[in-house]
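The next block is target16.tsv, given as TSV, C-alpha atoms.
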```tsv
chain	number	residue	atom	x	y	z
A	1	MET	CA	11.81	-44.04	-105.34
A	2	ILE	CA	13.74	-43.40	-108.56
A	3	ALA	CA	11.37	-40.57	-109.39
A	4	CYS	CA	11.85	-39.16	-105.89
A	5	LEU	CA	15.64	-39.22	-106.28
A	6	ARG	CA	15.38	-37.44	-109.62
A	7	ILE	CA	13.29	-34.68	-108.08
A	8	VAL	CA	15.75	-34.34	-105.19
A	9	ILE	CA	18.70	-34.09	-107.58
A	10	LEU	CA	16.99	-31.38	-109.63
A	11	LEU	CA	16.01	-29.38	-106.56
A	12	LEU	CA	19.48	-29.71	-105.04
A	13	ALA	CA	21.13	-28.61	-108.27
A	14	GLY	CA	19.28	-25.32	-108.06
A	15	CYS	CA	19.83	-24.82	-104.33
A	16	LEU	CA	23.52	-25.73	-104.23
A	17	ALA	CA	24.34	-23.84	-107.41
A	18	ALA	CA	22.93	-20.79	-105.69
A	19	GLY	CA	24.77	-21.66	-102.46
A	20	ALA	CA	27.35	-18.92	-102.80
A	21	ALA	CA	24.59	-16.42	-103.48
A	22	ARG	CA	22.27	-17.30	-100.61
A	23	ALA	CA	21.37	-14.73	-97.94
A	24	HIS	CA	24.58	-12.73	-98.22
A	25	GLU	CA	23.89	-11.57	-101.76
A	26	VAL	CA	20.96	-9.45	-100.65
A	27	ARG	CA	22.80	-7.59	-97.93
A	28	PRO	CA	22.33	-3.92	-98.73
A	29	ALA	CA	25.07	-1.39	-99.24
A	30	TYR	CA	24.77	2.09	-97.77
A	31	LEU	CA	25.82	5.43	-99.26
A	32	ASP	CA	25.62	8.25	-96.70
A	33	ILE	CA	26.21	11.80	-97.96
A	34	ALA	CA	26.25	14.69	-95.50
A	35	GLN	CA	26.71	18.28	-96.64
A	36	THR	CA	29.30	20.07	-94.52
A	37	SER	CA	29.41	23.41	-96.33
A	38	ASP	CA	28.44	24.97	-99.64
A	39	GLN	CA	29.13	22.35	-102.34
A	40	VAL	CA	31.18	20.15	-99.99
A	41	TYR	CA	29.93	16.73	-98.84
A	42	ALA	CA	31.32	14.08	-96.49
A	43	VAL	CA	30.65	10.64	-97.96
A	44	ILE	CA	30.56	7.25	-96.22
A	45	TRP	CA	30.31	4.26	-98.56
A	46	LYS	CA	29.64	0.88	-96.92
A	47	GLN	CA	29.43	-2.27	-99.01
A	48	PRO	CA	29.22	-5.94	-97.98
A	49	ILE	CA	32.12	-8.36	-98.08
A	50	LEU	CA	30.99	-11.84	-99.11
A	51	GLY	CA	33.48	-14.22	-97.54
A	52	GLU	CA	36.78	-13.02	-99.00
A	53	ARG	CA	35.12	-11.42	-102.02
A	54	ILE	CA	34.39	-7.71	-102.27
A	55	LEU	CA	31.66	-6.74	-104.69
A	56	ARG	CA	32.94	-4.47	-107.46
A	57	LEU	CA	30.65	-1.57	-106.69
A	58	GLU	CA	31.61	2.08	-107.01
A	59	PRO	CA	29.56	5.24	-106.40
A	60	VAL	CA	29.85	7.52	-109.42
A	61	PHE	CA	29.34	11.26	-108.93
A	62	PRO	CA	29.01	13.96	-111.65
A	63	GLU	CA	32.16	14.51	-113.71
A	64	ASP	CA	32.91	17.93	-112.22
A	65	CYS	CA	32.96	16.58	-108.67
A	66	VAL	CA	36.37	16.45	-106.99
A	67	ARG	CA	37.03	13.60	-104.53
A	68	SER	CA	39.61	13.96	-101.77
A	69	ALA	CA	40.67	12.76	-98.31
A	70	GLU	CA	39.91	9.11	-99.09
A	71	ALA	CA	40.31	6.42	-96.44
A	72	ALA	CA	39.14	2.81	-96.19
A	73	GLU	CA	38.80	0.16	-93.49
A	74	ASN	CA	37.14	-3.22	-92.94
A	75	VAL	CA	34.44	-3.15	-90.27
A	76	GLY	CA	32.92	-6.55	-89.54
A	77	GLY	CA	31.58	-7.84	-92.82
A	78	ALA	CA	31.73	-4.53	-94.65
A	79	LEU	CA	34.26	-2.39	-96.48
A	80	VAL	CA	33.87	1.21	-95.31
A	81	ARG	CA	35.29	4.04	-97.40
A	82	ARG	CA	35.20	7.69	-96.42
A	83	PHE	CA	35.95	10.63	-98.70
A	84	THR	CA	34.96	14.20	-99.48
A	85	VAL	CA	33.17	15.36	-102.62
A	86	SER	CA	33.33	18.99	-103.76
A	87	CYS	CA	30.63	20.05	-106.24
A	88	SER	CA	26.92	20.80	-106.43
A	89	LEU	CA	24.72	17.68	-106.10
A	90	GLU	CA	21.24	19.16	-106.20
A	91	ASN	CA	19.31	17.80	-109.19
A	92	ARG	CA	22.44	15.88	-110.23
A	93	LEU	CA	22.72	12.17	-111.01
A	94	ILE	CA	24.46	9.64	-108.73
A	95	GLU	CA	25.08	6.11	-109.98
A	96	ILE	CA	26.42	2.87	-108.49
A	97	ALA	CA	28.66	1.29	-111.12
A	98	GLY	CA	28.59	-2.52	-111.17
A	99	LEU	CA	25.29	-2.80	-109.32
A	100	GLU	CA	23.58	-4.39	-112.32
A	101	ARG	CA	25.77	-7.49	-111.91
A	102	THR	CA	24.64	-8.18	-108.33
A	103	MET	CA	21.53	-8.93	-106.25
A	104	THR	CA	22.42	-6.11	-103.86
A	105	ASP	CA	20.39	-3.01	-103.05
A	106	VAL	CA	22.02	0.30	-102.12
A	107	PHE	CA	20.34	2.61	-99.64
A	108	LEU	CA	21.29	6.23	-100.36
A	109	ARG	CA	20.76	9.05	-97.90
A	110	LEU	CA	21.76	12.69	-98.35
A	111	GLN	CA	21.37	15.36	-95.68
A	112	THR	CA	21.94	19.05	-96.33
A	113	THR	CA	23.17	21.70	-93.91
A	114	ASP	CA	19.65	23.15	-93.62
A	115	GLY	CA	18.24	19.81	-92.38
A	116	LYS	CA	16.65	18.59	-95.60
A	117	THR	CA	16.96	14.89	-96.31
A	118	PHE	CA	16.82	12.93	-99.54
A	119	SER	CA	16.79	9.14	-99.53
A	120	ALA	CA	16.35	6.44	-102.14
A	121	VAL	CA	17.16	2.83	-102.88
A	122	LEU	CA	19.18	1.88	-105.94
A	123	ARG	CA	18.75	-1.61	-107.35
A	124	PRO	CA	20.37	-3.69	-110.11
A	125	GLY	CA	17.64	-2.60	-112.51
A	126	SER	CA	17.79	1.07	-111.51
A	127	ALA	CA	21.34	1.88	-110.48
A	128	SER	CA	21.12	5.70	-110.63
A	129	VAL	CA	19.03	8.47	-109.11
A	130	ALA	CA	18.74	12.23	-109.46
A	131	ILE	CA	19.18	14.06	-106.16
A	132	ALA	CA	16.09	16.20	-105.53
A	133	SER	CA	15.72	18.91	-102.93
A	134	GLU	CA	12.47	17.67	-101.39
A	135	ARG	CA	12.23	15.07	-98.66
A	136	ASN	CA	11.94	11.52	-99.97
A	137	PRO	CA	10.70	8.64	-97.76
A	138	GLY	CA	13.22	6.15	-99.15
A	139	VAL	CA	13.50	4.36	-95.80
A	140	LEU	CA	10.29	2.55	-96.77
A	141	ALA	CA	12.43	0.49	-99.12
A	142	TYR	CA	13.72	-1.45	-96.09
A	143	LEU	CA	10.37	-3.24	-96.23
A	144	GLN	CA	11.29	-4.61	-99.64
A	145	ILE	CA	14.83	-5.41	-98.51
A	146	GLY	CA	13.33	-7.59	-95.76
A	147	VAL	CA	11.10	-9.42	-98.23
A	148	GLU	CA	14.06	-9.99	-100.57
A	149	HIS	CA	16.15	-11.33	-97.71
A	150	ILE	CA	13.69	-14.22	-97.37
A	151	LEU	CA	12.88	-14.78	-101.03
A	152	PHE	CA	16.53	-14.72	-102.18
A	153	GLY	CA	18.15	-15.99	-98.98
A	154	TRP	CA	18.30	-19.73	-99.58
A	155	ASP	CA	19.16	-20.75	-96.02
A	156	HIS	CA	16.27	-18.92	-94.33
A	157	LEU	CA	13.96	-19.86	-97.21
A	158	LEU	CA	14.67	-23.57	-96.80
A	159	PHE	CA	14.23	-23.39	-93.03
A	160	VAL	CA	10.72	-21.96	-93.47
A	161	ALA	CA	9.99	-24.60	-96.13
A	162	GLY	CA	11.19	-27.28	-93.71
A	163	LEU	CA	8.80	-26.04	-91.03
A	164	VAL	CA	5.89	-26.36	-93.48
A	165	LEU	CA	6.93	-29.97	-94.20
A	166	LEU	CA	7.43	-30.84	-90.53
A	167	VAL	CA	4.53	-29.15	-88.80
A	168	GLN	CA	0.88	-30.13	-89.00
A	169	GLN	CA	-1.27	-27.34	-90.37
A	170	ARG	CA	-3.08	-26.80	-87.04
A	171	GLN	CA	0.33	-26.14	-85.41
A	172	LEU	CA	1.78	-24.06	-88.25
A	173	ILE	CA	0.54	-20.66	-87.07
A	174	ALA	CA	1.88	-21.15	-83.52
A	175	THR	CA	5.21	-22.44	-84.86
A	176	ALA	CA	5.64	-19.59	-87.33
A	177	THR	CA	4.73	-17.10	-84.59
A	178	ALA	CA	7.37	-18.58	-82.26
A	179	PHE	CA	10.00	-18.31	-85.00
A	180	THR	CA	8.94	-14.71	-85.67
A	181	LEU	CA	9.09	-13.66	-82.01
A	182	ALA	CA	12.49	-15.24	-81.51
A	183	HIS	CA	14.28	-13.76	-84.50
A	184	SER	CA	12.62	-10.38	-83.87
A	185	VAL	CA	14.19	-10.31	-80.39
A	186	THR	CA	17.73	-11.09	-81.47
A	187	LEU	CA	17.47	-8.96	-84.62
A	188	SER	CA	16.50	-5.96	-82.49
A	189	LEU	CA	19.20	-6.64	-79.91
A	190	ALA	CA	21.86	-6.94	-82.61
A	191	ALA	CA	20.80	-3.95	-84.69
A	192	LEU	CA	19.95	-1.49	-81.90
A	193	ALA	CA	21.83	-2.63	-78.78
A	194	GLY	CA	24.97	-3.93	-80.47
A	195	VAL	CA	24.58	-7.48	-79.14
A	196	GLN	CA	26.62	-9.69	-81.45
A	197	LEU	CA	27.72	-13.27	-81.95
A	198	PRO	CA	30.59	-14.32	-84.22
A	199	GLY	CA	29.22	-14.52	-87.74
A	200	THR	CA	30.77	-17.84	-88.80
A	201	PRO	CA	29.39	-19.96	-85.90
A	202	VAL	CA	25.98	-18.36	-86.42
A	203	GLU	CA	26.01	-19.29	-90.12
A	204	ILE	CA	27.05	-22.87	-89.30
A	205	VAL	CA	24.27	-23.28	-86.71
A	206	ILE	CA	21.74	-21.87	-89.17
A	207	ALA	CA	22.82	-24.49	-91.71
A	208	LEU	CA	22.61	-27.23	-89.06
A	209	SER	CA	19.10	-26.07	-88.15
A	210	ILE	CA	18.07	-26.59	-91.79
A	211	ALA	CA	19.61	-30.07	-91.81
A	212	LEU	CA	17.81	-30.97	-88.56
A	213	ILE	CA	14.44	-29.75	-89.84
A	214	GLY	CA	14.91	-31.81	-93.00
A	215	LEU	CA	15.84	-34.91	-91.00
A	216	GLU	CA	12.92	-34.50	-88.62
A	217	SER	CA	10.54	-34.04	-91.56
A	218	ILE	CA	11.73	-37.32	-93.06
A	219	ARG	CA	11.34	-39.11	-89.71
A	220	ARG	CA	7.81	-37.76	-89.30
A	221	MET	CA	6.81	-38.98	-92.78
A	222	ARG	CA	8.05	-42.43	-91.75
A	223	GLY	CA	5.86	-42.34	-88.62
A	224	ASP	CA	8.71	-41.67	-86.16
A	225	GLU	CA	8.02	-38.34	-84.49
A	226	GLY	CA	10.94	-36.77	-82.67
A	227	LEU	CA	11.01	-33.79	-80.34
A	228	SER	CA	10.88	-31.36	-83.25
A	229	ALA	CA	7.63	-32.87	-84.50
A	230	ARG	CA	6.07	-33.01	-81.01
A	231	PHE	CA	7.20	-29.53	-79.92
A	232	PRO	CA	7.80	-27.65	-83.17
A	233	TRP	CA	7.14	-24.22	-81.63
A	234	ALA	CA	9.96	-24.74	-79.09
A	235	ILE	CA	12.41	-25.82	-81.80
A	236	ALA	CA	11.33	-22.93	-84.03
A	237	PHE	CA	11.79	-20.45	-81.16
A	238	GLY	CA	15.24	-21.76	-80.28
A	239	PHE	CA	16.55	-21.69	-83.82
A	240	GLY	CA	14.72	-18.42	-84.44
A	241	LEU	CA	17.02	-16.76	-81.91
A	242	ILE	CA	20.01	-17.81	-84.02
A	243	HIS	CA	18.35	-16.90	-87.31
A	244	GLY	CA	17.73	-13.42	-85.88
A	245	PHE	CA	21.49	-12.87	-85.70
A	246	GLY	CA	21.67	-14.07	-89.29
A	247	PHE	CA	19.05	-11.51	-90.30
A	248	ALA	CA	20.99	-8.86	-88.40
A	249	GLY	CA	24.03	-9.66	-90.51
A	250	ALA	CA	22.16	-8.15	-93.46
A	251	LEU	CA	21.94	-4.82	-91.66
A	252	ALA	CA	24.32	-4.48	-88.73
A	253	GLU	CA	27.47	-4.91	-90.82
A	254	ILE	CA	26.32	-2.19	-93.21
A	255	GLY	CA	24.47	0.10	-90.82
A	256	LEU	CA	20.97	1.53	-90.57
A	257	PRO	CA	20.25	5.03	-91.88
A	258	LYS	CA	21.01	7.64	-89.24
A	259	GLY	CA	17.99	9.14	-87.54
A	260	THR	CA	15.62	6.44	-88.81
A	261	GLU	CA	17.23	3.33	-87.35
A	262	VAL	CA	14.15	2.10	-85.49
A	263	LEU	CA	11.80	2.71	-88.41
A	264	ALA	CA	14.16	1.00	-90.86
A	265	LEU	CA	14.49	-1.99	-88.50
A	266	VAL	CA	10.73	-2.29	-88.04
A	267	LEU	CA	10.18	-2.13	-91.79
A	268	PHE	CA	12.92	-4.68	-92.46
A	269	ASN	CA	11.46	-7.06	-89.88
A	270	LEU	CA	7.97	-6.58	-91.30
A	271	GLY	CA	9.36	-7.34	-94.75
A	272	VAL	CA	10.88	-10.57	-93.43
A	273	GLU	CA	7.48	-11.58	-92.04
A	274	LEU	CA	5.72	-10.78	-95.29
A	275	GLY	CA	8.30	-12.87	-97.13
A	276	GLN	CA	7.74	-15.78	-94.73
A	277	ILE	CA	3.98	-15.55	-95.09
A	278	ALA	CA	4.33	-15.51	-98.88
A	279	VAL	CA	6.58	-18.60	-98.84
A	280	ILE	CA	4.24	-20.50	-96.49
A	281	GLY	CA	1.21	-19.51	-98.55
A	282	VAL	CA	2.79	-20.62	-101.85
A	283	LEU	CA	3.88	-23.97	-100.39
A	284	LEU	CA	0.46	-24.70	-98.88
A	285	LEU	CA	-1.26	-23.71	-102.11
A	286	THR	CA	1.12	-25.91	-104.12
A	287	GLY	CA	0.39	-28.86	-101.85
A	288	TRP	CA	-3.35	-28.30	-102.16
A	289	LEU	CA	-3.19	-28.08	-105.96
A	290	VAL	CA	-1.10	-31.26	-106.22
A	291	LYS	CA	-3.56	-33.03	-103.93
A	292	GLN	CA	-6.46	-31.99	-106.16
A	293	VAL	CA	-4.81	-32.80	-109.50
A	294	ARG	CA	-2.35	-35.62	-108.70
A	295	PRO	CA	-3.14	-36.83	-105.16
A	296	GLY	CA	-0.82	-39.81	-105.52
A	297	GLN	CA	2.18	-37.52	-106.11
A	298	LEU	CA	1.81	-35.39	-102.98
A	299	SER	CA	3.72	-37.80	-100.73
A	300	LEU	CA	6.48	-38.09	-103.34
A	301	LEU	CA	6.77	-34.31	-103.55
A	302	ARG	CA	6.90	-33.94	-99.75
A	303	HIS	CA	9.62	-36.58	-99.46
A	304	ALA	CA	11.63	-34.89	-102.21
A	305	GLY	CA	11.28	-31.55	-100.44
A	306	ALA	CA	12.36	-32.97	-97.08
A	307	TYR	CA	15.44	-34.65	-98.57
A	308	THR	CA	16.32	-31.43	-100.39
A	309	VAL	CA	16.10	-29.39	-97.17
A	310	GLY	CA	18.14	-31.91	-95.18
A	311	ILE	CA	20.90	-32.46	-97.75
A	312	ALA	CA	21.22	-28.75	-98.57
A	313	GLY	CA	21.52	-27.88	-94.87
A	314	THR	CA	24.18	-30.53	-94.37
A	315	TYR	CA	26.10	-29.34	-97.42
A	316	TRP	CA	26.08	-25.73	-96.24
A	317	ALA	CA	27.12	-26.70	-92.70
A	318	LEU	CA	30.12	-28.61	-94.05
A	319	GLU	CA	30.96	-25.82	-96.49
A	320	ARG	CA	30.87	-23.13	-93.80
A	321	ALA	CA	32.81	-25.25	-91.32
A	322	ALA	CA	35.46	-25.92	-93.96
A	323	GLN	CA	35.75	-22.21	-94.72
A	324	ALA	CA	36.08	-21.45	-91.00
A	325	LEU	CA	38.94	-23.94	-90.75
A	326	GLY	CA	40.61	-22.56	-93.85
A	327	VAL	CA	40.02	-25.77	-95.82
A	328	HIS	CA	39.59	-25.36	-99.57
A	329	TRP	CA	36.03	-26.24	-100.57
A	330	ALA	CA	35.56	-27.08	-104.23
```

Could I get this structure in the form of structure tokens?
Amino acid sequence: MIACLRIVILLLAGCLAAGAARAHEVRPAYLDIAQTSDQVYAVIWKQPILGERILRLEPVFPEDCVRSAEAAENVGGALVRRFTVSCSLENRLIEIAGLERTMTDVFLRLQTTDGKTFSAVLRPGSASVAIASERNPGVLAYLQIGVEHILFGWDHLLFVAGLVLLVQQRQLIATATAFTLAHSVTLSLAALAGVQLPGTPVEIVIALSIALIGLESIRRMRGDEGLSARFPWAIAFGFGLIHGFGFAGALAEIGLPKGTEVLALVLFNLGVELGQIAVIGVLLLTGWLVKQVRPGQLSLLRHAGAYTVGIAGTYWALERAAQALGVHWA
């Protein structure tokens, strides 16, 4: 038991230290540039607001560009700035200053007056791009954004891990499919039809779903199967509807690229699924390897994982509820 507690403490240290960074850190920013006349461009710059913190990101245009008519407003969970840029941008470099200090991607789209489109994704490791005249299928990067939203979004990641701990392998495919169908429905409704729920309650329920999955996993390991263990697909579907609104928060607050909204949404959703499959595959492989090498440690590892999921979910639920009530959370 002492060894189990040590493992739990180590796992929780990593999860809770990354708590402020969880899913919100991978919400993409969006830089839309539309040419209105010769060497004049209307720019819309949308960047995520994380709680009360605004990421220090700034689009940097060539030195000879003149910016004017600047305006800013908060829209949902994003800061939206609009301004005009006067200069030539073809074959010129655009950079996002400060991007290297974040886990955020920036989707850039430029459309010229003759209908040509250039698009690209800027990342912390490649924060600049040269604007070319040919069409660039940068919308495909939404596939990677979806994968990153799972792999670097601690809340959704732990929920999937909790399902692997709770569900028997013969039920895992059906349960994962139910979760997929549910969050695909609400993600589509939110991103395309404008159906929304208040962000804070959604985030609290997502955290509670993680805590519940952890608790039910512990109960199952003790031989006490609750409703979640007997009907995991139903629980996964119900919470999947809420998680879908959480996924939508990564896109709806920033906006999908104009003219390719459906394609970007499909690619993002596919990326989420690929991320889930990767997580499930790694966890199952890890369990199999431990069983082959140290079979006596598998139960200890599963218990440590279940406690980690449950405690982390409870912590995040309390943290988010405290923030909603305006209570300082150390």

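Across A:Thr314, A:Ser228, A:Gln144, A:Thr113, the tightest approach to Glu273 of chain A is made by A:Gln144 when counting all atoms listed in the file.
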
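Put simply, atom CA of Arg320 of chain A is 13.0 Å away from atom CA of Pro198 of chain A.
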
| Selection near Thr36 of chain A, 12 Å with only C-alpha atoms, sequence-local residues under 6 positions removed, as a ChimeraX atom specification | /A:42-43,84-87,110-115

For the selection you just gave me, I'd like the residues written to a file as a PDB file, in the coordinates of the input, keeping C-alpha atoms.
```
ATOM      1  CA  ALA A  42      31.320  14.080 -96.490  1.00  0.00           C
ATOM      2  CA  VAL A  43      30.650  10.640 -97.960  1.00  0.00           C
ATOM      3  CA  THR A  84      34.960  14.200 -99.480  1.00  0.00           C
ATOM      4  CA  VAL A  85      33.170  15.360-102.620  1.00  0.00           C
ATOM      5  CA  SER A  86      33.330  18.990-103.760  1.00  0.00           C
ATOM      6  CA  CYS A  87      30.630  20.050-106.240  1.00  0.00           C
ATOM      7  CA  LEU A 110      21.760  12.690 -98.350  1.00  0.00           C
ATOM      8  CA  GLN A 111      21.370  15.360 -95.680  1.00  0.00           C
ATOM      9  CA  THR A 112      21.940  19.050 -96.330  1.00  0.00           C
ATOM     10  CA  THR A 113      23.170  21.700 -93.910  1.00  0.00           C
ATOM     11  CA  ASP A 114      19.650  23.150 -93.620  1.00  0.00           C
ATOM     12  CA  GLY A 115      18.240  19.810 -92.380  1.00  0.00           C
TER      13      GLY A 115
END
```

| said: For segment 105-107 of chain A, find every residue with an atom within 7 Å (counting all atoms listed in the file), except residues of its own chain fewer than 6 positions away, and show them as a PyMOL selection string. | reply: chain A and resi 26+28-31+120-123

| task | Write out as a list in words which residues come within 8 Å of Ala306 of chain A when counting only C-alpha atoms, dropping same-chain ones fewer than 2 positions away. | result |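 Surrounding residues, per the criterion: Gly162, Leu165, Gly214, Leu215, Ser217, Ile218, Arg302, His303, Ala304, Thr308, Val309 and Gly310 of chain A.
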
| request: Find the distance between atom CA of Ala324 of chain A and atom CA of Lys46 of chain A and write it in Å to one decimal. | output: 24.0 Å
